[in-house]
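Read the structure below first, then the notes.
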Amino acid sequence: MAERRIPRAIIGAVIAVVLCAFGVVQIGSDALYARAAEPGSLPTRIPLRTGLAVYRLLDRIAPAAYVEDTLGNEALAHGELARAQRYALRMPASSRRNDLLARIALARGQHVLAQEYFFVAPDVDAMEREIRRLSARDPARAYDLQRRFVARLRTLGTHPDAVAEGYWHAGIIAEQLGRPQDALAQYERAMHLAPLNAKYVLAAANQAFSMHDDAAAEPLYRHALDVAPGSANAIAGLGIMALHRGDRATALADAARARALNPNAGMLHELERELQ
């Protein structure tokens, strides 16, 4: 049986229809994301309602996750929470779906539900905001949630910097709870993951100092100074260590160095108090 050849005219018509469809989608996308475009460019001249109309048409004839996500976020931005949720629930399971559902829950004041969605997503910045808010009224629950979230980040293979920041936040909450040993352990975990971040090293050093453990604090202050040679807090911390050894001359010299770098450094104020 001879092969049937599709007439070139039909092929051309199909291609034209496909290209037209892509063009319409592009126009819709340009309209919806015009805020990110250069002022005066073509996307900024396309009405937003045009983009919404195109995406709503796509949602009826060829629903896709990016369409549901875009329409859900647009509905959320306008306070149409029920409609935003309908779009979100039609999305396949994903981080974007969980993040959208979390923000819808927040808009409804459902913080516990939002935390669950942010936890699963996982949305690091949003979770940290929620945990900070929670720690103001329920630090014990915030500490438990922070530790579980860090454990989840580690399981997912999240970048070490994000995990280290999580440990640091856990240390702050542990201090708030009056659990200095736990705080020190959390700061040390952060420091071991990001040893070149002076913030974590100083947090561990200051915590050891507050626990009157100069043997642990002094090498940490030295490490902090190696990482950040211009750190007034590290220099002042070493000055305190010198003073505790009875070396007042070194303590005075360290105080002068720290004062020249940052007269408002917290450890400098502590050193000046001890020098009186």
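In the structure tokens, chains take the letters A, B, ... in the order shown, each chain's residues start at 1, and ligands count up from 1 in the order shown.
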For Glu116 (chain A), please output as a ChimeraX atom specification all residues within 8 Å (counting only C-alpha atoms; exclusion window: fewer than 4 positions along the same chain).
-> /A:102,112,120
What residues in region 102-263 of chain A get the DSSP label alpha helix (DSSP H)? Please answer as a ChimeraX atom specification.
-> /A:102-107,111-120,124-135,139-155,160-176,180-193,198-210,214-227,232-244,248-261
Mind checking which residues fall within 6 Å of region 256-263 of chain A, counting only C-alpha atoms, ignoring those fewer than 5 positions away in the same chain, and posting them as a PyMOL selection string?
-> chain A and resi 232+235-236
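Closest approach to Ala205 (chain A) among A:Gly246, A:Gly237, A:Gly171, A:Gly166 is made by A:Gly237 (distances from only C-alpha atoms).
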Near Ala82 (chain A), counting only C-alpha atoms, which residues have an atom at most 12 Å away, once you skip same-chain residues fewer than 6 positions from it, shown as a PyMOL selection string?
-> chain A and resi 72-73+75-76+88-89+101+104-105+107-108
Give me a file of those residues, with N, CA and C atoms, as a PDB file, in the first residue's frame.
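Below is the file result-v6.pdb, written as the result:
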ATOM      1  N   GLY A  72      -2.526  31.006  40.934  1.00  0.00           N
ATOM      2  CA  GLY A  72      -2.680  30.930  42.380  1.00  0.00           C
ATOM      3  C   GLY A  72      -1.997  32.084  43.087  1.00  0.00           C
ATOM      4  N   ASN A  73      -0.798  32.425  42.648  1.00  0.00           N
ATOM      5  CA  ASN A  73      -0.082  33.547  43.255  1.00  0.00           C
ATOM      6  C   ASN A  73      -0.764  34.877  42.969  1.00  0.00           C
ATOM      7  N   ALA A  75      -4.013  35.272  42.489  1.00  0.00           N
ATOM      8  CA  ALA A  75      -5.196  35.313  43.344  1.00  0.00           C
ATOM      9  C   ALA A  75      -4.810  35.645  44.787  1.00  0.00           C
ATOM     10  N   LEU A  76      -3.719  35.053  45.267  1.00  0.00           N
ATOM     11  CA  LEU A  76      -3.254  35.328  46.632  1.00  0.00           C
ATOM     12  C   LEU A  76      -2.886  36.796  46.786  1.00  0.00           C
ATOM     13  N   ALA A  88      -3.813  25.991  43.863  1.00  0.00           N
ATOM     14  CA  ALA A  88      -2.705  25.290  44.511  1.00  0.00           C
ATOM     15  C   ALA A  88      -2.973  23.791  44.603  1.00  0.00           C
ATOM     16  N   LEU A  89      -4.193  23.418  44.956  1.00  0.00           N
ATOM     17  CA  LEU A  89      -4.529  22.009  45.133  1.00  0.00           C
ATOM     18  C   LEU A  89      -4.549  21.250  43.810  1.00  0.00           C
ATOM     19  N   LEU A 101       0.651  26.918  49.322  1.00  0.00           N
ATOM     20  CA  LEU A 101      -0.320  26.569  50.363  1.00  0.00           C
ATOM     21  C   LEU A 101       0.079  27.171  51.711  1.00  0.00           C
ATOM     22  N   ILE A 104      -0.835  30.849  51.695  1.00  0.00           N
ATOM     23  CA  ILE A 104      -2.290  30.989  51.820  1.00  0.00           C
ATOM     24  C   ILE A 104      -2.698  30.809  53.277  1.00  0.00           C
ATOM     25  N   ALA A 105      -2.104  29.801  53.940  1.00  0.00           N
ATOM     26  CA  ALA A 105      -2.394  29.580  55.361  1.00  0.00           C
ATOM     27  C   ALA A 105      -1.983  30.790  56.196  1.00  0.00           C
ATOM     28  N   ALA A 107      -1.869  33.875  55.223  1.00  0.00           N
ATOM     29  CA  ALA A 107      -2.835  34.948  54.965  1.00  0.00           C
ATOM     30  C   ALA A 107      -4.117  34.747  55.766  1.00  0.00           C
ATOM     31  N   ARG A 108      -4.406  33.512  56.131  1.00  0.00           N
ATOM     32  CA  ARG A 108      -5.588  33.204  56.937  1.00  0.00           C
ATOM     33  C   ARG A 108      -5.280  33.211  58.425  1.00  0.00           C
TER      34      ARG A 108
END
Residues at most 10 Å from Met127 (chain A), counting only C-alpha atoms, excluding those fewer than 3 positions away in the same chain, as a PyMOL selection string?
-> chain A and resi 114-119+121-124+130-133+145-146+149+166
CA of Gln181 (chain A) to CA of Ala208 (chain A), distance in Å rounded to a single decimal =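 Straight-line distance from CA of Gln181 (chain A) to CA of Ala208 (chain A) works out to 8.7 Å.
Straight-line separation from CA of Ser94 (chain A) to CA of Leu106 (chain A): 18.5 Å.
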Given the choices A:Arg103, A:Leu193, A:Pro92, A:Gly109, which gets closest to Ala126 (chain A) if the distance is worked out from only C-alpha atoms?
->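 Of A:Arg103, A:Leu193, A:Pro92, A:Gly109, the one nearest Ala126 (chain A) is A:Arg103, counting only C-alpha atoms.
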What lies within 12 Å of Glu272 (chain A) using only C-alpha atoms, ignoring chain neighbours under 3 positions off, as a VMD selection string?
-> chain A and resid 236 to 237 239 to 240 243 248 251 to 256 258 to 259 263 to 269 275 to 276
Export of the given selection (C-alpha atoms) as a PDB file, in the first residue's frame:
ATOM      1  CA  ALA A 236      38.386  42.288  72.910  1.00  0.00           C
ATOM      2  CA  GLY A 237      37.611  38.657  73.760  1.00  0.00           C
ATOM      3  CA  GLY A 239      41.875  40.929  75.892  1.00  0.00           C
ATOM      4  CA  ILE A 240      39.481  39.508  78.467  1.00  0.00           C
ATOM      5  CA  LEU A 243      43.117  39.954  81.856  1.00  0.00           C
ATOM      6  CA  ARG A 248      46.645  43.675  82.287  1.00  0.00           C
ATOM      7  CA  ALA A 251      44.321  43.549  77.948  1.00  0.00           C
ATOM      8  CA  LEU A 252      44.747  47.341  77.738  1.00  0.00           C
ATOM      9  CA  ALA A 253      46.484  47.043  74.367  1.00  0.00           C
ATOM     10  CA  ASP A 254      43.703  44.791  73.041  1.00  0.00           C
ATOM     11  CA  ALA A 255      41.098  47.241  74.308  1.00  0.00           C
ATOM     12  CA  ALA A 256      42.798  50.075  72.404  1.00  0.00           C
ATOM     13  CA  ALA A 258      39.322  46.937  69.471  1.00  0.00           C
ATOM     14  CA  ARG A 259      38.191  50.506  70.232  1.00  0.00           C
ATOM     15  CA  PRO A 263      33.972  51.391  69.685  1.00  0.00           C
ATOM     16  CA  ASN A 264      30.481  49.836  69.895  1.00  0.00           C
ATOM     17  CA  ALA A 265      31.622  46.196  69.937  1.00  0.00           C
ATOM     18  CA  GLY A 266      29.853  44.242  72.664  1.00  0.00           C
ATOM     19  CA  MET A 267      32.932  42.406  73.898  1.00  0.00           C
ATOM     20  CA  LEU A 268      34.854  45.687  74.076  1.00  0.00           C
ATOM     21  CA  HIS A 269      32.257  46.996  76.523  1.00  0.00           C
ATOM     22  CA  LEU A 275      39.303  46.704  83.400  1.00  0.00           C
ATOM     23  CA  GLN A 276      37.670  49.171  85.791  1.00  0.00           C
TER      24      GLN A 276
END
How far is it from CA of Met211 (chain A) to CA of Arg129 (chain A), in Å with one decimal?
->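 About the pair CA of Met211 (chain A) and CA of Arg129 (chain A): they are 28.6 Å apart.
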Residue contacts of Asp213 (chain A) (12 Å, only C-alpha atoms) excluding same-chain residues fewer than 3 positions away, as a PDB file with C-alpha atoms, in the first residue's frame:
ATOM      1  CA  PRO A 180      23.936  27.240  77.777  1.00  0.00           C
ATOM      2  CA  GLN A 181      25.435  23.814  77.095  1.00  0.00           C
ATOM      3  CA  LEU A 184      27.303  25.990  72.795  1.00  0.00           C
ATOM      4  CA  ALA A 204      30.677  29.726  70.247  1.00  0.00           C
ATOM      5  CA  ALA A 205      33.474  31.786  71.867  1.00  0.00           C
ATOM      6  CA  ASN A 206      31.063  34.155  73.595  1.00  0.00           C
ATOM      7  CA  GLN A 207      28.953  31.249  74.814  1.00  0.00           C
ATOM      8  CA  ALA A 208      32.000  29.509  76.295  1.00  0.00           C
ATOM      9  CA  PHE A 209      33.019  32.805  77.927  1.00  0.00           C
ATOM     10  CA  SER A 210      29.547  33.255  79.426  1.00  0.00           C
ATOM     11  CA  ALA A 216      37.358  26.658  75.582  1.00  0.00           C
ATOM     12  CA  ALA A 217      36.772  30.346  74.834  1.00  0.00           C
ATOM     13  CA  GLU A 218      40.350  31.497  74.185  1.00  0.00           C
ATOM     14  CA  PRO A 219      41.149  29.213  71.210  1.00  0.00           C
ATOM     15  CA  LEU A 220      37.769  30.114  69.737  1.00  0.00           C
ATOM     16  CA  MET A 241      41.303  36.193  78.367  1.00  0.00           C
ATOM     17  CA  HIS A 244      41.898  36.726  83.429  1.00  0.00           C
TER      18      HIS A 244
END
From A:Ala65, A:Leu113, A:Gly79, A:Asn233, residue lying nearest Arg96 (chain A) [only C-alpha atoms] =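 Under the stated criterion, the closest residue is A:Ala65.
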